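Q: First the structure, then my questions, so here it is.
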Number of protein chains: 2
Amino acid sequence: MCECCPVSSRLSVGVNVSLAKGKQSSGGIVGLSLSSQPGPHPHLPCSLIMSSAGSDAGDGGLGAPQTKTPGEKASGPVSADGSGWTRASCPCCAGGPVEPLVLLQLRAGLPRETKDWVITLIATAVKQGGAGLSAHPGEEPSGDIIVVSAPRCTLLRAAEELGLCKPYRTGDMTAFSYHDRSNFRDADDVQVFLTLAERQYIVKYELEGLRAQRDLKIPGLPEGRLLQRRDNIWQKLKAVGVVQGMFPLNDEDKLKALSDCWYSGNQLTQPLDKIHAYFGGTVAFYFSFLEFYTWSLLPPAILGLILTVFSGSVNKEAMDSISDSKVAAGDDDDDQTVSGHMIQAVFSMLWSTVVIEMWKRRSTLLAYRWGTMQLAERFSEPRPAYHGALGVNPVTGRVEPLFPAWQRELRMALVSVPAVGLFLGLVVMGMLGFYWGEAQAQSLHAEWDSLLSSVVLYLPSVAHIVYTNALGTAYRQVALALTEFENHREESAYNDHLTGKILVFTFFNYFAVLFHIAFYKQDLPLLRKRLASLLIITQLVNQVTEVVIPFLVDRFLSAPKRKEKKEDPQEDKFRNQSSLPDFPGLFSEYIELLVQFGYFSLFSCVYPLTAVLLLVNNLTEIRSDAYKMCKLFKKPFSAPVAGMGVWQTAFEVLSFVSVISNCWLLLLSPRLQELGQESGVTGTNVVLVAVLMEHLLIMIKMVLAKLIPDEPDWIRVKREQNEFISMQALGQQKQ
Amino acid sequence: MCECCPVSSRLSVGVNVSLAKGKQSSGGIVGLSLSSQPGPHPHLPCSLIMSSAGSDAGDGGLGAPQTKTPGEKASGPVSADGSGWTRASCPCCAGGPVEPLVLLQLRAGLPRETKDWVITLIATAVKQGGAGLSAHPGEEPSGDIIVVSAPRCTLLRAAEELGLCKPYRTGDMTAFSYHDRSNFRDADDVQVFLTLAERQYIVKYELEGLRAQRDLKIPGLPEGRLLQRRDNIWQKLKAVGVVQGMFPLNDEDKLKALSDCWYSGNQLTQPLDKIHAYFGGTVAFYFSFLEFYTWSLLPPAILGLILTVFSGSVNKEAMDSISDSKVAAGDDDDDQTVSGHMIQAVFSMLWSTVVIEMWKRRSTLLAYRWGTMQLAERFSEPRPAYHGALGVNPVTGRVEPLFPAWQRELRMALVSVPAVGLFLGLVVMGMLGFYWGEAQAQSLHAEWDSLLSSVVLYLPSVAHIVYTNALGTAYRQVALALTEFENHREESAYNDHLTGKILVFTFFNYFAVLFHIAFYKQDLPLLRKRLASLLIITQLVNQVTEVVIPFLVDRFLSAPKRKEKKEDPQEDKFRNQSSLPDFPGLFSEYIELLVQFGYFSLFSCVYPLTAVLLLVNNLTEIRSDAYKMCKLFKKPFSAPVAGMGVWQTAFEVLSFVSVISNCWLLLLSPRLQELGQESGVTGTNVVLVAVLMEHLLIMIKMVLAKLIPDEPDWIRVKREQNEFISMQALGQQKQ
């Protein structure tokens, strides 16, 4: 029950009961939670018994004052006027229009009592062990969906728990406090106060946080499905297959408005705030970074064009590298190219540092604007799958599973790190095996020179591709298991560690061959060729597999099945949404950017047109990704986040490695080595000069990174203001 | 006036006035601050007029209930029973014993009215523009000292302003809040609650924070000595020479107890908490680090001894290096030595990382124990010399000088960095000039071979020493001016930047020659010789100049003049203390450690006994420094600090550079180069392997530094607890 409501829970239950009884409802679960009289479902815990809108109790029977249009079917259409919905557990939120936020997909043919139990669970107040939300059973009371909404009080309380910042009376972004809600702008109207994505995430957060208050049995399921005290209910429901899926519902009007100003026109910028409001933090940060990074490619693209125009030979090299002629391009390099290489290398080192540092500033600014600078994840409930001995959290004083940090670190150091290392070793072994196999096949072919032997020529490549794919699939499973084993408390930590593991592997997979060519074989022309083909081919392949194929599938296979009309009932539209494929996550999008960035910053000095190609690619990428988000997939849940998380680190590490890589590539430049030999400088001294240069450049880079502050000045002031106020509040409040 | 006191300032002034008038006091400055009647000193601002204990008004005339022993002289001895002291501006602190904390040394022959004005200023309540302290004019009302103490309320309020943490009811260290003082342990007894060093620092803090409430003239001084509104009064008083000095008074009994358990016995550990209580944060952190570092030298010392014993040749080398024979010791290196070098190099790299990381943990622990983890310097008043346009601080909302951060950064980037670079260049030029001069002198001597020419041989050395010293002196002035020009807001930022500047220069001065020998001349035997002589000679010289000379001066020149007896009046003891020389600061102590650490971690692989020598030196250093602190100098003021500040960074940077240095020293090892030539590996490849090794070791070092958390787990929990409580307080308090 919420503080704001003078009516006690007892009273409201009483009213429900009498009304329901008055209507002679037969199927609805109506328990007398606080009386000792046994309810119709004796296995339900007292704390979970409250009014639910099962069957015909739904059509207005809950006594909320509403202007109801009588539904054709039992529980009425899932409309916004409140009919058919369970009553909010908090009286002050009861009544008024209800916004459908999330759709639960249940197992088909689930016993009615199980569905009712789930609905009751969703609708029960948080204090009594429920989720404090509103549920609608759909038009068919025994159907396989539940539509979930959230009353105002639950949303606001969760917003405080998550540590969201919202505009205060003074206009500053301040951590929201339920107690102080009257001083926040628009706190009365949650649809304005919280974004759609935030409201939907809160529904997920509340559902996934459900824990059994005591041992109980899920009704309608075979025996043995017992929930023990403090077990996570939602995990159990998913594990036994009661809940098949859960996704946030699209708001057609808003989606239309968003797509109009996002990818339909000729806009150069994206409506980032709208994206954040509709799709949430993770998605908004991805698109913000994509845009920022794309525009920051402009200077190196211009430089690349200038260098290409001014040194004709580079042009020729580019031609060489695309055509198959294996002319050692190094021989006709002239002085101009060497200096061009050097300009390019030094420029791209400084450029990558400045871009990453400026992005940090931009990221902080966005986090401030979107109210995610002070997320309180570590103070809120641990993520559902977190396990450990029950105990009192020393920080918050709440009872929750505890797992010592040193044990997690031990597991990471002794299990995860060696396992990841093993797989990286397997990648290298695969690569070496491929080279060995190719050499064997070549010599075999030269010996035999038959049709059979020319088939054998393809064997190593095929074997390598199969090996790599199998390894990748196996690794993904291992990474998942390892991260689960590490038992992170926060969702974000879990995600970061999982992403980090896969990221390292994928990156290694992409770049091992290039590094091998560049530094072991020291074959710059081959590197140049590889780079050009990778840049052009992989980009094309990506665009096709990511957008064109889903588009075609959607257009010709799925869409005809779910033709929508304006006047279709709401529920059919929801069902249509559930037939869209799940959003595959942003991992592949980010890794694409990272690999691009890697190509560019690590090896760009051998192929100056890289930036131009990337710029063109990214401009289309923004639109195709946006289209994909809006049209081709289910809307994903998106947690409020303060930045890109582990991806930020990945880009930083890459920009660091790029200094080293560029220095050594320059050193390998054949022209430079010739020059050295001509002027009589020994190889050792050339290397020593390169080492000196490298150390100097790394130092410059570190100083540069230090000099560019990570947050704009005015945000620092706001942050310090908050700290000061909070320090003062602490002093005042205690006593 | 303080909140806790129901009596208004008007009332208390009224009482003072009537009492003073009743006693027909003639000399005391008694103003009627709130009446419109003109006081005896019309140039005093209203807000600064209150009762003071000038002249004979002191001997009990202020009506505090006390058992007074009548003083022989006018204002009574400076004893602890409260006689002669100004009345505390806050009634709840009036009466009771007063503890003399700080001695102000005034200009001899200062007009009486000026001294009285200063006393009034000190004794006026903070709200009325005074320092809120208590003052005693000494036995001679017109004498040149003022003894200052602080009433409880002022101390506690300042403790909150500084952000000191103190043990809460629950036992946790919590940021002190005046409002909530009843919940802190021992908050009633400030002598227990705040350490002596903290109380004395607060007196300094209050005095130096004095700002004129409006334009005023200091009485008794020639015309033109005007203070403008918001001018810092204390700075002005120092500038015009009214205040000559200020130092905290020693407490003989405590000092005796401290020295007994610090350096008199055979203790292996120092009484760090007692040192912190008596001498304050900066001093305590220095001695903590010294102790920690000394004991951490034990493993490398043992390793060094083992290596020396097992490879006889190293022993021989050490002999060589001390004797003057210039045998190229590299020739008789055997395999064992090379592997010894490598063990030593890798070990010292890892060792330096682990030691620095472990020290960070220890430092955090000490900061927690000493309540300085949450210092609020940036929220309190800016340091006295900070200037800028008056404005409202956006964070705290107080009126104070503002100076934009970007302007400071601009000044640092465009003025400070080039200036420091210039001086470093001058150091290098001096070194090169010295080598050039020496070569010239040698050839001249070879040509002439006369007495004159053998004198010429010494010329370059003499010139270089003169040049270096002149440069050092000039640089110190420049660094001071530059740091002042950068206009830092916080005292700690100012200190860090000043120390940092001098530190870089000093370090460069020490190590330029060694680096030159090691990497340019590549003369390892010479490096070894230099290192050994530096280690032995500079340590000896340091000990002599730092301790023996001051000790002798004190013993034979100063001490006879200030023979003390138990029954001497307190004031004479104070005067004796003021005759001690000023404490020169910890800079030279820290730089000594840093240079040691540099010798060891940068070059130790060429001279394995370094650690043993350092260990022996440091064990005596602890005692001699402690003796010096306690006996030979005035007690210094010591701000509460959370760590070593910029020195921490310096040690970290050094431990980073050591990886690079060691790698290249190994590479230069003649035996390794021979080995390479024997096995037919080209020089270039050897260098490449070294580069690879270096990068690998740096990576290991970075991972290691990341893996060792900077704070112990339980302190992290405490910190998060505080954050959580403060977040909750913020939510609760607003409305």
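In the structure tokens, each chain is lettered A, B, ... as it comes, each chain's residues begin at 1, and ligands are numbered from 1 in order of appearance.
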Write out as a list in words the residues lying within 12 Å of Glu252 of chain B, counting only C-alpha atoms and excluding same-chain residues fewer than 4 positions away.
A: Lys256, Ala257, Leu258, Ser259, Tyr278, Glu564, Lys566, Gln570, Lys573, Phe574, Gln577, Cys630, Lys631 and Lys635 of chain B
Q: Any chance you can output those residues with C-alpha atoms as a PDB file, in the first residue's frame?
A:
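Written output follows (again.pdb):
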ATOM      1  CA  LYS B 256      57.588  13.418  25.789  1.00  0.00           C
ATOM      2  CA  ALA B 257      55.185  10.471  25.699  1.00  0.00           C
ATOM      3  CA  LEU B 258      55.269  10.417  21.929  1.00  0.00           C
ATOM      4  CA  SER B 259      59.040  10.510  21.610  1.00  0.00           C
ATOM      5  CA  TYR B 278      50.105  15.087  17.645  1.00  0.00           C
ATOM      6  CA  GLU B 564      63.978  25.602  30.749  1.00  0.00           C
ATOM      7  CA  LYS B 566      59.719  23.094  35.291  1.00  0.00           C
ATOM      8  CA  GLN B 570      54.293  29.045  30.566  1.00  0.00           C
ATOM      9  CA  LYS B 573      58.382  28.202  27.368  1.00  0.00           C
ATOM     10  CA  PHE B 574      56.328  29.433  24.456  1.00  0.00           C
ATOM     11  CA  GLN B 577      59.664  27.364  21.210  1.00  0.00           C
ATOM     12  CA  CYS B 630      60.204  16.415  17.923  1.00  0.00           C
ATOM     13  CA  LYS B 631      63.263  18.320  19.039  1.00  0.00           C
ATOM     14  CA  LYS B 635      56.001  22.197  15.385  1.00  0.00           C
TER      15      LYS B 635
END
Q: If the cut-off is 8 Å, can you tell me the residues of chain B near chain A, counting only C-alpha atoms? I'd like them as a PyMOL selection string.
A: chain B and resi 176-180+182-183+379+394-396+683-684+687-688+691+717-718+720-721+724-727+729-735
Q: Considering only C-alpha atoms, state which residue in the set B:Ala345, B:Ala239, B:Ala441, B:Cys92 is at the smallest distance from Pro300 of chain B.
A: B:Ala345
Q: Could you pull the residues within 7 Å of segment 296-298 of chain A, counting only C-alpha atoms, minus those fewer than 4 positions along the same chain, as a list in words?
A: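 Once the nearby chain positions are removed, what remains is Phe292, Ile302, Val355, Ala611 and Leu615 of chain A.
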Q: For those residues, write C-alpha atoms to a file as a JSON list (two decimals), in the first residue's frame.
A:
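See selection28.json below for the written result:
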[["chain", "number", "residue", "atom", "x", "y", "z"],
["A", 292, "PHE", "CA", 29.13, 10.90, -33.29],
["A", 302, "ILE", "CA", 39.16, 14.52, -46.12],
["A", 355, "VAL", "CA", 37.50, 11.22, -30.68],
["A", 611, "ALA", "CA", 37.87, 6.63, -43.68],
["A", 615, "LEU", "CA", 31.93, 7.28, -43.72]]
Q: Let me make sure I understand: if you superpose chain A onto chain B using all C-alpha atoms paired in order, what RMSD in Å results?
A: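 The C-alpha RMSD comes to 0.1 Å.
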Q: Of the candidates B:Phe403, B:Ile275, B:Glu571, B:Arg369, which one gets nearest to Ile145 of chain B if we count only C-alpha atoms?
A: B:Glu571
Q: Counting only C-alpha atoms, what is within 7 Å of Gly132 of chain A, bar same-chain residues fewer than 3 positions away, as a list in words?
A: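 Skipping anything fewer than 3 positions along the chain leaves Ser89, Ile122, Ala123, Thr124, Ala125, Val126 and Thr154 of chain A.
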Q: Would you mind exporting C-alpha atoms of the selected residues as a PDB file, in the first residue's frame?
A:
ATOM      1  CA  SER A  89      -3.099  -2.313  -5.495  1.00  0.00           C
ATOM      2  CA  ILE A 122       1.118  -9.290 -10.865  1.00  0.00           C
ATOM      3  CA  ALA A 123      -1.653  -7.258  -9.314  1.00  0.00           C
ATOM      4  CA  THR A 124      -0.817  -7.773  -5.659  1.00  0.00           C
ATOM      5  CA  ALA A 125       0.846  -4.880  -3.870  1.00  0.00           C
ATOM      6  CA  VAL A 126       4.620  -4.939  -3.610  1.00  0.00           C
ATOM      7  CA  THR A 154       4.639   1.634  -8.557  1.00  0.00           C
TER       8      THR A 154
END
Q: What's around Ile536 of chain A at 10 Å? Count only C-alpha atoms, leave out sequence neighbours fewer than 2 positions away in its own chain, and write the answer as a PyMOL selection string.
A: chain A and resi 322+531-534+538-541+610+613-614+617
Q: Save the residues we just selected, C-alpha atoms, as a compact mmCIF listing (two decimals), in the first residue's frame?
A:
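Once written, out_2.txt looks like this:
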# COMPACT_ATOMS: atom_id res chain seq x y z
CA ILE A 322 41.54 -4.44 -55.56
CA LEU A 531 42.06 -4.61 -45.78
CA ALA A 532 40.42 -3.25 -48.91
CA SER A 533 38.51 -6.44 -49.59
CA LEU A 534 37.45 -6.75 -45.95
CA THR A 538 32.22 -7.41 -45.11
CA GLN A 539 30.33 -4.14 -45.10
CA LEU A 540 28.21 -5.29 -48.00
CA VAL A 541 27.60 -8.70 -46.47
CA THR A 610 39.56 3.65 -45.33
CA LEU A 613 34.62 4.02 -47.23
CA LEU A 614 33.64 3.90 -43.57
CA ASN A 617 28.99 2.89 -44.99
Q: I need the residues in segment 393-591 of chain A that are strand (DSSP E or B) according to DSSP; give them as a PyMOL selection string.
A: chain A and resi 399-402
Q: Write out as a PyMOL selection string all residues of segment 545-655 of chain A that backbone DSSP assigns to alpha helix (DSSP H).
A: chain A and resi 549-552+570-578+587-603+610-627+646-655
Q: Do you have the atom CA of Glu139 of chain A-atom CA of Arg575 of chain A distance handy?
A: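 Interatomic distance here is 11.8 Å.
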Q: May I have the residues within 9 Å of Pro581 of chain A as a list in words, using only C-alpha atoms and disregarding those fewer than 5 positions away in the same chain?
A: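 Near Pro581 of chain A, the qualifying residues are Leu632, Phe633 and Lys634 of chain A.
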Q: I'd like the neighbourhood of Lys501 of chain B as a PyMOL selection string, where a residue qualifies if any of its atoms comes within 8 Å (using only C-alpha atoms), though same-chain residues fewer than 3 positions away should be ignored.
A: chain B and resi 420+479+497-498+504-505
